[in-house]
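Here's the structure, in structure tokens; my notes come after.
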Amino acid sequence: FLWVAVLATLKLTWTALVTPSNFYQIGKAHPMNGIAGLVLLALGRRVYLDCDDFEAVSNRFGAEWQRRIVAWFENHLPRWVHGVTVNTSFLQARVRSLVPGSQRVMLVPNAVSSRRFRIPTDEAVAEIRRRYQLEGRPVVAYVGSMNLANHPIDLLLEGFAQVVRKVPGAVLMLVGGGADLDWLRNRAVDLGIEQSTLFVGRVPPSEVPVYYAAADISVDPVLNDETAQARSPLKLYESLAVGTPVVTGDVGDRRLTLADNEAMLVAAGDAGALGERLSALLQDGAARARLREWAVECRDQFFWESRIEEFVCVYATA
């Protein structure tokens, strides 16, 4: 593994060196990206950094030394580049505490591709529901990684255990794969909801929008911690872009993203509150229709086209 990382770092650095450009954008403050960026900086190139997560806190590491290396790059690389983009106010405040000159740190929330996240046809949605025998059943969808280090899906399972007692026929559809998939399957059994929990597994990226659209509600379970505060979760934008309401914890910038829609916000880390809100929305078709209408009306703001001018402003700094 170490040799693969070293080889990848060398290739990345070489590619950057032989690629002429006015600006070089580092995607994350990771060692491989960061070393290439440091070489470019030493040669006098203009280098910019995008920080879209707090990796030293949110990632799962095999050893403490790995976490410390990532933390070093996250703490030091922002100081040396010519400008930084971040996607949450938490990260903006954190990076501003590290760098001289706050004008070098631009806040640009996440977004999705308008070409990829078109509203699926009724026929496509009906096909997904037929495929998994979901016709006529209330469906809650989680779409994302099955890794507990990044996403507290155990919190969702605990909340959904309340839903199945209140909403007959309700199904939790989990779309995605990850290291903790088997653990989550076993946890569903422990909670007695295995018959109401559908583990779809990984699906092609092109099919993700229709899985969101096939659900009555999607969900982004979060704790009240630095991981959640640092994230601008794509789950929210993906779901809203196809018109599906989403329920998430009121932490970080999520309230701003959801325009203070209380119906989609619960106390972060509270499985009981999450279960109550999901149950209430599944039983209130009028409320879901209002939220869907709002999402469709506002969907243009969830696309990258609405963020481009904000993002490129960073290149005019420093």
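By convention in this document, the chains of the structure tokens carry letters A, B, ... by their order, each chain's residues are numbered from 1, and ligands are numbered from 1 in the order they are shown.
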(request) Tell me, as a PyMOL selection string, which residues lie within 8 Å of segment 227-242 of chain A, counting only C-alpha atoms; anything in the same chain fewer than 5 positions away does not count. (result) chain A and resi 52-54+57-58+87-91+109-112+117-120+143-144+150+209+212-213+218-220+222+251-254+292+295-296+299-300+302-303
Give me a file of those residues, with N, CA and C atoms, as a compact mmCIF listing (two decimals), in the first residue's frame.
# COMPACT_ATOMS: atom_id res chain seq x y z
N ASP A 52 -13.11 20.42 1.37
CA ASP A 52 -14.53 20.10 1.42
C ASP A 52 -14.88 19.15 2.56
N ASP A 53 -13.95 18.96 3.50
CA ASP A 53 -14.20 18.04 4.60
C ASP A 53 -13.12 18.26 5.66
N PHE A 54 -13.33 17.68 6.83
CA PHE A 54 -12.33 17.72 7.90
C PHE A 54 -11.84 16.28 8.05
N VAL A 57 -10.59 14.26 11.18
CA VAL A 57 -11.61 13.92 12.17
C VAL A 57 -12.59 12.88 11.64
N SER A 58 -12.97 13.01 10.36
CA SER A 58 -14.07 12.20 9.84
C SER A 58 -13.65 10.86 9.25
N ASN A 87 -16.63 24.61 1.65
CA ASN A 87 -18.06 24.49 1.35
C ASN A 87 -18.97 24.63 2.57
N THR A 88 -18.40 24.94 3.74
CA THR A 88 -19.23 25.18 4.93
C THR A 88 -18.64 26.34 5.73
N SER A 89 -19.50 26.96 6.53
CA SER A 89 -19.04 28.07 7.37
C SER A 89 -18.09 27.56 8.45
N PHE A 90 -18.27 26.30 8.89
CA PHE A 90 -17.35 25.72 9.87
C PHE A 90 -15.94 25.66 9.29
N LEU A 91 -15.81 25.14 8.07
CA LEU A 91 -14.49 25.05 7.44
C LEU A 91 -13.93 26.43 7.14
N PRO A 109 -20.87 26.68 -1.22
CA PRO A 109 -21.55 25.44 -0.83
C PRO A 109 -21.53 24.42 -1.96
N ASN A 110 -21.81 23.17 -1.60
CA ASN A 110 -21.82 22.09 -2.58
C ASN A 110 -22.95 22.26 -3.59
N ALA A 111 -22.92 21.45 -4.61
CA ALA A 111 -23.96 21.45 -5.64
C ALA A 111 -23.83 20.14 -6.42
N VAL A 112 -24.75 19.94 -7.38
CA VAL A 112 -24.73 18.73 -8.20
C VAL A 112 -24.83 19.10 -9.67
N PHE A 117 -28.63 15.14 -12.63
CA PHE A 117 -29.77 15.11 -11.72
C PHE A 117 -31.00 15.78 -12.32
N ARG A 118 -31.44 15.20 -13.43
CA ARG A 118 -32.74 15.57 -13.99
C ARG A 118 -33.83 14.83 -13.22
N ILE A 119 -35.02 15.38 -13.20
CA ILE A 119 -36.13 14.70 -12.53
C ILE A 119 -36.51 13.47 -13.35
N PRO A 120 -36.42 12.27 -12.77
CA PRO A 120 -36.72 11.04 -13.53
C PRO A 120 -38.17 10.97 -13.98
N VAL A 143 -29.09 7.15 0.59
CA VAL A 143 -28.21 6.89 -0.55
C VAL A 143 -26.82 7.38 -0.19
N GLY A 144 -25.87 6.45 -0.10
CA GLY A 144 -24.51 6.86 0.26
C GLY A 144 -23.68 5.71 0.78
N ASN A 150 -17.94 7.64 8.81
CA ASN A 150 -18.34 8.87 8.13
C ASN A 150 -19.83 9.17 8.26
N PRO A 209 -30.31 9.19 -9.31
CA PRO A 209 -31.47 10.09 -9.24
C PRO A 209 -32.81 9.36 -9.15
N TYR A 212 -33.56 8.14 -5.60
CA TYR A 212 -34.09 9.23 -4.78
C TYR A 212 -35.56 9.48 -5.11
N ALA A 213 -35.86 9.55 -6.40
CA ALA A 213 -37.22 9.88 -6.82
C ALA A 213 -38.22 8.78 -6.46
N SER A 218 -36.05 11.16 1.61
CA SER A 218 -34.69 10.66 1.80
C SER A 218 -34.19 11.14 3.15
N VAL A 219 -33.07 10.61 3.59
CA VAL A 219 -32.60 10.95 4.93
C VAL A 219 -31.08 11.03 4.96
N ASP A 220 -30.60 12.01 5.72
CA ASP A 220 -29.17 12.21 5.94
C ASP A 220 -28.94 12.19 7.45
N VAL A 222 -27.16 12.36 10.94
CA VAL A 222 -25.91 12.99 11.38
C VAL A 222 -25.89 13.11 12.90
N VAL A 251 -27.57 20.78 12.13
CA VAL A 251 -26.19 21.03 12.53
C VAL A 251 -25.44 21.60 11.33
N GLY A 252 -24.44 22.42 11.57
CA GLY A 252 -23.68 23.00 10.47
C GLY A 252 -24.55 23.93 9.63
N ASP A 253 -24.39 23.85 8.31
CA ASP A 253 -25.11 24.73 7.39
C ASP A 253 -26.38 24.11 6.83
N ARG A 254 -26.81 22.99 7.39
CA ARG A 254 -27.98 22.29 6.83
C ARG A 254 -29.25 23.14 6.89
N ARG A 292 -42.05 18.98 -1.66
CA ARG A 292 -41.65 18.62 -3.02
C ARG A 292 -41.78 19.81 -3.95
N ALA A 295 -38.93 22.20 -3.34
CA ALA A 295 -37.67 21.68 -3.89
C ALA A 295 -37.60 21.88 -5.39
N VAL A 296 -38.69 21.58 -6.08
CA VAL A 296 -38.71 21.72 -7.54
C VAL A 296 -38.57 23.18 -7.95
N ARG A 299 -34.84 24.19 -7.37
CA ARG A 299 -33.81 23.23 -7.75
C ARG A 299 -32.63 23.85 -8.49
N ASP A 300 -32.84 24.93 -9.22
CA ASP A 300 -31.73 25.54 -9.97
C ASP A 300 -30.59 25.97 -9.05
N PHE A 302 -29.42 24.39 -6.65
CA PHE A 302 -28.67 23.23 -6.19
C PHE A 302 -27.70 22.72 -7.26
N PHE A 303 -27.62 23.41 -8.40
CA PHE A 303 -26.75 22.98 -9.49
C PHE A 303 -25.46 23.81 -9.53
(request) Within 12 Å of Asn186 of chain A, counting only C-alpha atoms, which residues show up once you throw out same-chain ones fewer than 4 positions away? Write them as a list in words, please. (result)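 Neighbouring residues, sequence-local ones excluded: Asp154, Leu157, Asp180, Leu181, Asp182, Asp190, Leu191, Gly192, Ile193, Glu194, Thr197 and Phe199 of chain A.
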Expected file: the selected residues, C-alpha atoms, as a CSV table (one decimal), in the first residue's frame:
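Okay, result-v2.csv is ready:
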chain,number,residue,atom,x,y,z
A,154,ASP,CA,-26.9,3.0,12.9
A,157,LEU,CA,-31.7,2.2,11.8
A,180,ASP,CA,-19.9,-1.7,7.5
A,181,LEU,CA,-22.6,-3.2,5.3
A,182,ASP,CA,-22.6,-6.6,7.0
A,190,ASP,CA,-31.1,-7.1,16.2
A,191,LEU,CA,-33.7,-4.2,16.0
A,192,GLY,CA,-36.3,-6.5,14.4
A,193,ILE,CA,-36.6,-4.4,11.2
A,194,GLU,CA,-34.9,-6.7,8.7
A,197,THR,CA,-35.1,-2.8,5.5
A,199,PHE,CA,-30.2,-3.2,1.3
(message) At a cut-off of 9 Å, using only C-alpha atoms, what residues contact segment 30-37 of chain A? Leave out same-chain residues fewer than 2 positions from it and give the result as a PyMOL selection string.
(response) chain A and resi 5-6+8-10+12-14+16-17+24-28+39-42+45+47-49+55+69-74+77+81
(message) Would you compute the distance between atom CA of Val163 of chain A and atom CA of Ala149 of chain A? Give it in Å to one decimal.
(response) 24.6 Å
(request) Measuring atom to atom with only C-alpha atoms, identify which of A:Asp216, A:Asp122, A:Glu135, A:Asp270 is nearest to Gly159 of chain A. (result) A:Asp270
(request) Quote the spacing between atom CA of Val4 of chain A and atom CA of Asn147 of chain A in Å to one decimal place. (result)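 Atom-to-atom, atom CA of Val4 of chain A to atom CA of Asn147 of chain A, that is 23.2 Å.
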Residues flagged helix (DSSP H, G or I) by DSSP in segment 84-316 of chain A, as a short mmCIF file (atom, residue, chain, number, x, y, z; two decimals) with N, CA and C atoms, in the first residue's frame:
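Output file result_4.cif is given in full below:
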data_model
loop_
_atom_site.label_atom_id
_atom_site.label_comp_id
_atom_site.auth_asym_id
_atom_site.auth_seq_id
_atom_site.Cartn_x
_atom_site.Cartn_y
_atom_site.Cartn_z
N SER A 89 -19.50 26.96 6.53
CA SER A 89 -19.04 28.07 7.37
C SER A 89 -18.09 27.56 8.45
N PHE A 90 -18.27 26.30 8.89
CA PHE A 90 -17.35 25.72 9.87
C PHE A 90 -15.94 25.66 9.29
N LEU A 91 -15.81 25.14 8.07
CA LEU A 91 -14.49 25.05 7.44
C LEU A 91 -13.93 26.43 7.14
N GLN A 92 -14.80 27.36 6.78
CA GLN A 92 -14.33 28.72 6.51
C GLN A 92 -13.71 29.32 7.77
N ALA A 93 -14.38 29.15 8.90
CA ALA A 93 -13.84 29.68 10.15
C ALA A 93 -12.55 28.97 10.53
N ARG A 94 -12.52 27.66 10.31
CA ARG A 94 -11.32 26.89 10.67
C ARG A 94 -10.13 27.32 9.81
N VAL A 95 -10.32 27.43 8.51
CA VAL A 95 -9.21 27.79 7.63
C VAL A 95 -8.79 29.23 7.85
N ARG A 96 -9.74 30.10 8.11
CA ARG A 96 -9.39 31.50 8.38
C ARG A 96 -8.54 31.63 9.63
N SER A 102 -8.16 36.97 5.40
CA SER A 102 -9.40 36.21 5.26
C SER A 102 -9.96 36.25 3.84
N GLN A 103 -9.53 37.23 3.02
CA GLN A 103 -10.04 37.31 1.66
C GLN A 103 -9.60 36.12 0.82
N ARG A 104 -8.63 35.35 1.31
CA ARG A 104 -8.14 34.20 0.56
C ARG A 104 -9.01 32.96 0.75
N ASP A 122 -41.88 9.26 -14.67
CA ASP A 122 -42.76 8.43 -13.85
C ASP A 122 -42.52 6.95 -14.14
N GLU A 123 -42.22 6.65 -15.40
CA GLU A 123 -41.99 5.25 -15.79
C GLU A 123 -40.74 4.69 -15.12
N ALA A 124 -39.68 5.51 -15.04
CA ALA A 124 -38.44 5.06 -14.40
C ALA A 124 -38.65 4.83 -12.91
N VAL A 125 -39.40 5.71 -12.29
CA VAL A 125 -39.69 5.55 -10.86
C VAL A 125 -40.53 4.30 -10.62
N ALA A 126 -41.54 4.10 -11.46
CA ALA A 126 -42.40 2.92 -11.32
C ALA A 126 -41.61 1.63 -11.48
N GLU A 127 -40.61 1.64 -12.37
CA GLU A 127 -39.79 0.45 -12.59
C GLU A 127 -38.99 0.10 -11.33
N ILE A 128 -38.41 1.09 -10.68
CA ILE A 128 -37.66 0.83 -9.43
C ILE A 128 -38.60 0.27 -8.37
N ARG A 129 -39.77 0.84 -8.26
CA ARG A 129 -40.72 0.36 -7.24
C ARG A 129 -41.18 -1.07 -7.56
N ARG A 130 -41.35 -1.37 -8.83
CA ARG A 130 -41.73 -2.75 -9.20
C ARG A 130 -40.59 -3.71 -8.92
N ARG A 131 -39.38 -3.28 -9.24
CA ARG A 131 -38.21 -4.15 -9.09
C ARG A 131 -38.05 -4.63 -7.65
N ILE A 153 -25.24 5.56 10.16
CA ILE A 153 -26.43 4.87 9.66
C ILE A 153 -27.06 4.04 10.77
N ASP A 154 -26.29 3.70 11.79
CA ASP A 154 -26.87 3.01 12.95
C ASP A 154 -27.93 3.89 13.61
N LEU A 155 -27.70 5.19 13.63
CA LEU A 155 -28.68 6.15 14.15
C LEU A 155 -29.98 6.07 13.34
N LEU A 156 -29.84 5.97 12.03
CA LEU A 156 -31.00 5.86 11.15
C LEU A 156 -31.77 4.58 11.42
N LEU A 157 -31.06 3.45 11.56
CA LEU A 157 -31.74 2.19 11.83
C LEU A 157 -32.52 2.25 13.13
N GLU A 158 -31.93 2.86 14.16
CA GLU A 158 -32.62 2.99 15.44
C GLU A 158 -33.86 3.86 15.31
N GLY A 159 -33.75 4.94 14.54
CA GLY A 159 -34.91 5.79 14.32
C GLY A 159 -35.99 5.09 13.52
N PHE A 160 -35.57 4.32 12.53
CA PHE A 160 -36.54 3.65 11.68
C PHE A 160 -37.27 2.53 12.42
N ALA A 161 -36.66 1.99 13.46
CA ALA A 161 -37.34 0.98 14.27
C ALA A 161 -38.62 1.56 14.87
N GLN A 162 -38.66 2.87 15.11
CA GLN A 162 -39.88 3.51 15.57
C GLN A 162 -40.88 3.68 14.44
N VAL A 163 -40.35 3.97 13.25
CA VAL A 163 -41.23 4.19 12.10
C VAL A 163 -42.07 2.96 11.80
N VAL A 164 -41.47 1.77 11.82
CA VAL A 164 -42.20 0.57 11.43
C VAL A 164 -43.34 0.27 12.40
N ARG A 165 -43.25 0.79 13.62
CA ARG A 165 -44.34 0.58 14.59
C ARG A 165 -45.49 1.54 14.36
N LYS A 166 -45.23 2.63 13.66
CA LYS A 166 -46.26 3.66 13.47
C LYS A 166 -46.81 3.73 12.06
N LEU A 181 -21.30 -2.69 5.82
CA LEU A 181 -22.57 -3.18 5.29
C LEU A 181 -23.06 -4.40 6.06
N ASP A 182 -22.19 -5.37 6.29
CA ASP A 182 -22.60 -6.57 7.01
C ASP A 182 -23.02 -6.25 8.45
N TRP A 183 -22.28 -5.36 9.10
CA TRP A 183 -22.64 -4.97 10.47
C TRP A 183 -24.02 -4.35 10.49
N LEU A 184 -24.34 -3.52 9.50
CA LEU A 184 -25.64 -2.86 9.46
C LEU A 184 -26.75 -3.86 9.19
N ARG A 185 -26.49 -4.86 8.35
CA ARG A 185 -27.48 -5.92 8.14
C ARG A 185 -27.79 -6.61 9.46
N ASN A 186 -26.76 -6.94 10.21
CA ASN A 186 -26.96 -7.61 11.50
C ASN A 186 -27.67 -6.70 12.50
N ARG A 187 -27.38 -5.42 12.44
CA ARG A 187 -28.02 -4.48 13.35
C ARG A 187 -29.52 -4.39 13.04
N ALA A 188 -29.87 -4.44 11.77
CA ALA A 188 -31.29 -4.43 11.40
C ALA A 188 -32.00 -5.65 11.97
N VAL A 189 -31.32 -6.78 11.97
CA VAL A 189 -31.89 -7.99 12.56
C VAL A 189 -32.07 -7.81 14.06
N ASP A 190 -31.05 -7.28 14.73
CA ASP A 190 -31.12 -7.05 16.17
C ASP A 190 -32.30 -6.15 16.54
N GLU A 194 -35.49 -6.20 9.96
CA GLU A 194 -34.88 -6.74 8.74
C GLU A 194 -35.89 -6.92 7.62
N GLN A 195 -37.17 -7.20 7.95
CA GLN A 195 -38.19 -7.38 6.92
C GLN A 195 -38.63 -6.05 6.31
N SER A 196 -38.30 -4.96 6.98
CA SER A 196 -38.68 -3.63 6.50
C SER A 196 -37.49 -2.84 5.98
N PRO A 205 -23.84 5.17 -10.94
CA PRO A 205 -24.12 6.58 -10.63
C PRO A 205 -25.27 7.17 -11.44
N SER A 206 -25.40 6.71 -12.68
CA SER A 206 -26.47 7.24 -13.54
C SER A 206 -27.86 6.91 -13.02
N GLU A 207 -27.96 5.87 -12.16
CA GLU A 207 -29.27 5.45 -11.64
C GLU A 207 -29.61 6.10 -10.31
N VAL A 208 -28.67 6.79 -9.70
CA VAL A 208 -28.89 7.36 -8.37
C VAL A 208 -30.11 8.29 -8.34
N PRO A 209 -30.31 9.19 -9.31
CA PRO A 209 -31.47 10.09 -9.24
C PRO A 209 -32.81 9.36 -9.15
N VAL A 210 -32.95 8.25 -9.86
CA VAL A 210 -34.24 7.56 -9.86
C VAL A 210 -34.50 6.87 -8.52
N TYR A 211 -33.43 6.46 -7.81
CA TYR A 211 -33.63 5.88 -6.48
C TYR A 211 -34.11 6.94 -5.50
N TYR A 212 -33.56 8.14 -5.60
CA TYR A 212 -34.09 9.23 -4.78
C TYR A 212 -35.56 9.48 -5.11
N ALA A 213 -35.86 9.55 -6.40
CA ALA A 213 -37.22 9.88 -6.82
C ALA A 213 -38.22 8.78 -6.46
N GLU A 226 -18.02 17.55 14.88
CA GLU A 226 -17.26 18.33 13.90
C GLU A 226 -17.38 17.74 12.50
N THR A 227 -17.52 16.43 12.39
CA THR A 227 -17.70 15.82 11.08
C THR A 227 -18.92 16.39 10.38
N ALA A 228 -20.05 16.46 11.10
CA ALA A 228 -21.28 16.99 10.52
C ALA A 228 -21.19 18.49 10.27
N GLN A 229 -20.55 19.21 11.19
CA GLN A 229 -20.42 20.66 11.01
C GLN A 229 -19.58 21.00 9.78
N ALA A 230 -18.62 20.16 9.47
CA ALA A 230 -17.70 20.44 8.36
C ALA A 230 -18.27 20.07 7.00
N LEU A 234 -23.75 16.16 -0.10
CA LEU A 234 -24.36 16.03 -1.42
C LEU A 234 -25.74 15.39 -1.35
N LYS A 235 -25.98 14.56 -0.32
CA LYS A 235 -27.28 13.90 -0.19
C LYS A 235 -28.43 14.90 -0.23
N LEU A 236 -28.25 16.03 0.42
CA LEU A 236 -29.31 17.03 0.44
C LEU A 236 -29.57 17.57 -0.97
N TYR A 237 -28.51 17.95 -1.65
CA TYR A 237 -28.66 18.54 -2.98
C TYR A 237 -29.17 17.53 -4.00
N GLU A 238 -28.68 16.31 -3.90
CA GLU A 238 -29.12 15.26 -4.83
C GLU A 238 -30.60 14.99 -4.68
N SER A 239 -31.05 14.87 -3.45
CA SER A 239 -32.45 14.56 -3.20
C SER A 239 -33.36 15.71 -3.62
N LEU A 240 -33.01 16.92 -3.21
CA LEU A 240 -33.84 18.07 -3.53
C LEU A 240 -33.86 18.36 -5.03
N ALA A 241 -32.77 18.05 -5.72
CA ALA A 241 -32.70 18.31 -7.16
C ALA A 241 -33.73 17.49 -7.94
N ARG A 254 -26.81 22.99 7.39
CA ARG A 254 -27.98 22.29 6.83
C ARG A 254 -29.25 23.14 6.89
N ARG A 255 -29.43 23.87 7.97
CA ARG A 255 -30.61 24.74 8.06
C ARG A 255 -30.62 25.77 6.94
N LEU A 256 -29.48 26.34 6.65
CA LEU A 256 -29.38 27.33 5.57
C LEU A 256 -29.71 26.68 4.23
N THR A 257 -29.17 25.49 4.00
CA THR A 257 -29.43 24.79 2.74
C THR A 257 -30.91 24.52 2.56
N GLU A 262 -38.43 23.72 8.80
CA GLU A 262 -38.39 22.94 10.03
C GLU A 262 -38.84 21.50 9.84
N ALA A 263 -39.71 21.26 8.86
CA ALA A 263 -40.22 19.91 8.64
C ALA A 263 -39.13 18.94 8.22
N MET A 264 -38.00 19.47 7.73
CA MET A 264 -36.92 18.60 7.28
C MET A 264 -35.74 18.59 8.23
N ALA A 271 -32.00 9.77 17.68
CA ALA A 271 -32.70 8.74 16.91
C ALA A 271 -34.21 8.84 17.11
N GLY A 272 -34.64 9.18 18.32
CA GLY A 272 -36.06 9.31 18.59
C GLY A 272 -36.69 10.42 17.77
N ALA A 273 -36.02 11.59 17.74
CA ALA A 273 -36.54 12.71 16.96
C ALA A 273 -36.55 12.39 15.47
N LEU A 274 -35.54 11.68 15.02
CA LEU A 274 -35.48 11.30 13.61
C LEU A 274 -36.64 10.37 13.26
N GLY A 275 -36.87 9.37 14.10
CA GLY A 275 -37.97 8.45 13.86
C GLY A 275 -39.32 9.15 13.87
N GLU A 276 -39.52 10.07 14.82
CA GLU A 276 -40.77 10.81 14.90
C GLU A 276 -41.02 11.63 13.64
N ARG A 277 -39.98 12.33 13.17
CA ARG A 277 -40.16 13.19 11.99
C ARG A 277 -40.43 12.36 10.74
N LEU A 278 -39.69 11.27 10.56
CA LEU A 278 -39.93 10.41 9.40
C LEU A 278 -41.35 9.86 9.43
N SER A 279 -41.80 9.41 10.60
CA SER A 279 -43.16 8.88 10.73
C SER A 279 -44.19 9.95 10.39
N ALA A 280 -43.99 11.16 10.91
CA ALA A 280 -44.95 12.24 10.68
C ALA A 280 -45.05 12.59 9.20
N LEU A 281 -43.92 12.67 8.53
CA LEU A 281 -43.95 13.03 7.11
C LEU A 281 -44.53 11.92 6.26
N LEU A 282 -44.22 10.67 6.59
CA LEU A 282 -44.79 9.57 5.82
C LEU A 282 -46.31 9.53 5.94
N GLY A 285 -49.24 13.33 3.59
CA GLY A 285 -49.00 13.51 2.16
C GLY A 285 -49.02 14.96 1.74
N ALA A 286 -49.86 15.79 2.38
CA ALA A 286 -49.93 17.21 2.02
C ALA A 286 -48.62 17.92 2.34
N ALA A 287 -48.04 17.60 3.49
CA ALA A 287 -46.76 18.22 3.87
C ALA A 287 -45.67 17.81 2.89
N ARG A 288 -45.64 16.54 2.52
CA ARG A 288 -44.62 16.08 1.55
C ARG A 288 -44.81 16.79 0.22
N ALA A 289 -46.06 16.98 -0.19
CA ALA A 289 -46.32 17.65 -1.47
C ALA A 289 -45.83 19.09 -1.44
N ARG A 290 -46.02 19.77 -0.31
CA ARG A 290 -45.53 21.15 -0.20
C ARG A 290 -44.02 21.21 -0.26
N LEU A 291 -43.35 20.28 0.42
CA LEU A 291 -41.89 20.24 0.40
C LEU A 291 -41.37 19.89 -0.99
N ARG A 292 -42.05 18.98 -1.66
CA ARG A 292 -41.65 18.62 -3.02
C ARG A 292 -41.78 19.81 -3.95
N GLU A 293 -42.87 20.54 -3.80
CA GLU A 293 -43.09 21.73 -4.65
C GLU A 293 -42.00 22.76 -4.41
N TRP A 294 -41.65 22.98 -3.13
CA TRP A 294 -40.57 23.93 -2.82
C TRP A 294 -39.26 23.48 -3.45
N ALA A 295 -38.93 22.20 -3.34
CA ALA A 295 -37.67 21.68 -3.89
C ALA A 295 -37.60 21.88 -5.39
N VAL A 296 -38.69 21.58 -6.08
CA VAL A 296 -38.71 21.72 -7.54
C VAL A 296 -38.57 23.18 -7.95
N GLU A 297 -39.22 24.07 -7.22
CA GLU A 297 -39.13 25.50 -7.53
C GLU A 297 -37.72 26.04 -7.32
N CYS A 298 -37.01 25.49 -6.34
CA CYS A 298 -35.69 26.00 -5.97
C CYS A 298 -34.54 25.20 -6.56
N ARG A 299 -34.84 24.19 -7.37
CA ARG A 299 -33.81 23.23 -7.75
C ARG A 299 -32.63 23.85 -8.49
N ASP A 300 -32.84 24.93 -9.22
CA ASP A 300 -31.73 25.54 -9.97
C ASP A 300 -30.59 25.97 -9.05
N GLN A 301 -30.90 26.34 -7.82
CA GLN A 301 -29.85 26.79 -6.91
C GLN A 301 -29.00 25.64 -6.38
N PHE A 302 -29.42 24.39 -6.65
CA PHE A 302 -28.67 23.23 -6.19
C PHE A 302 -27.70 22.72 -7.26
N TRP A 304 -24.40 23.19 -10.07
CA TRP A 304 -23.10 23.85 -10.11
C TRP A 304 -23.12 25.13 -10.93
N GLU A 305 -24.02 25.22 -11.90
CA GLU A 305 -24.08 26.44 -12.70
C GLU A 305 -24.31 27.68 -11.83
N SER A 306 -25.01 27.48 -10.71
CA SER A 306 -25.29 28.61 -9.82
C SER A 306 -24.11 28.96 -8.93
N ILE A 308 -20.63 28.68 -10.08
CA ILE A 308 -19.39 28.88 -10.83
C ILE A 308 -18.75 30.24 -10.54
N GLU A 309 -19.54 31.29 -10.59
CA GLU A 309 -18.98 32.63 -10.39
C GLU A 309 -18.39 32.77 -8.99
N GLU A 310 -19.05 32.18 -7.98
CA GLU A 310 -18.52 32.22 -6.62
C GLU A 310 -17.19 31.48 -6.55
N PHE A 311 -17.13 30.31 -7.20
CA PHE A 311 -15.94 29.49 -7.11
C PHE A 311 -14.73 30.15 -7.75
N VAL A 312 -14.91 30.69 -8.95
CA VAL A 312 -13.75 31.24 -9.67
C VAL A 312 -13.27 32.55 -9.06
N CYS A 313 -14.05 33.16 -8.18
CA CYS A 313 -13.60 34.39 -7.52
C CYS A 313 -12.31 34.18 -6.73
N VAL A 314 -12.08 32.94 -6.28
CA VAL A 314 -10.88 32.68 -5.49
C VAL A 314 -9.61 32.95 -6.30
N TYR A 315 -9.68 32.81 -7.63
CA TYR A 315 -8.49 33.01 -8.46
C TYR A 315 -8.12 34.48 -8.60
N ALA A 316 -9.02 35.36 -8.17
CA ALA A 316 -8.72 36.79 -8.22
C ALA A 316 -8.10 37.29 -6.92
#
(request) Just give me the gap between atom CA of Val200 of chain A and atom CA of Asn261 of chain A in Å, one decimal is fine. (result) 29.3 Å
(request) May I have all residues of segment 21-261 of chain A that DSSP, computed from the backbone, assigns to strand (DSSP E), given as a ChimeraX atom specification? (result) /A:24-26,47-51,83-86,105-107,139-143,171-175,197-201,217-220,246-249
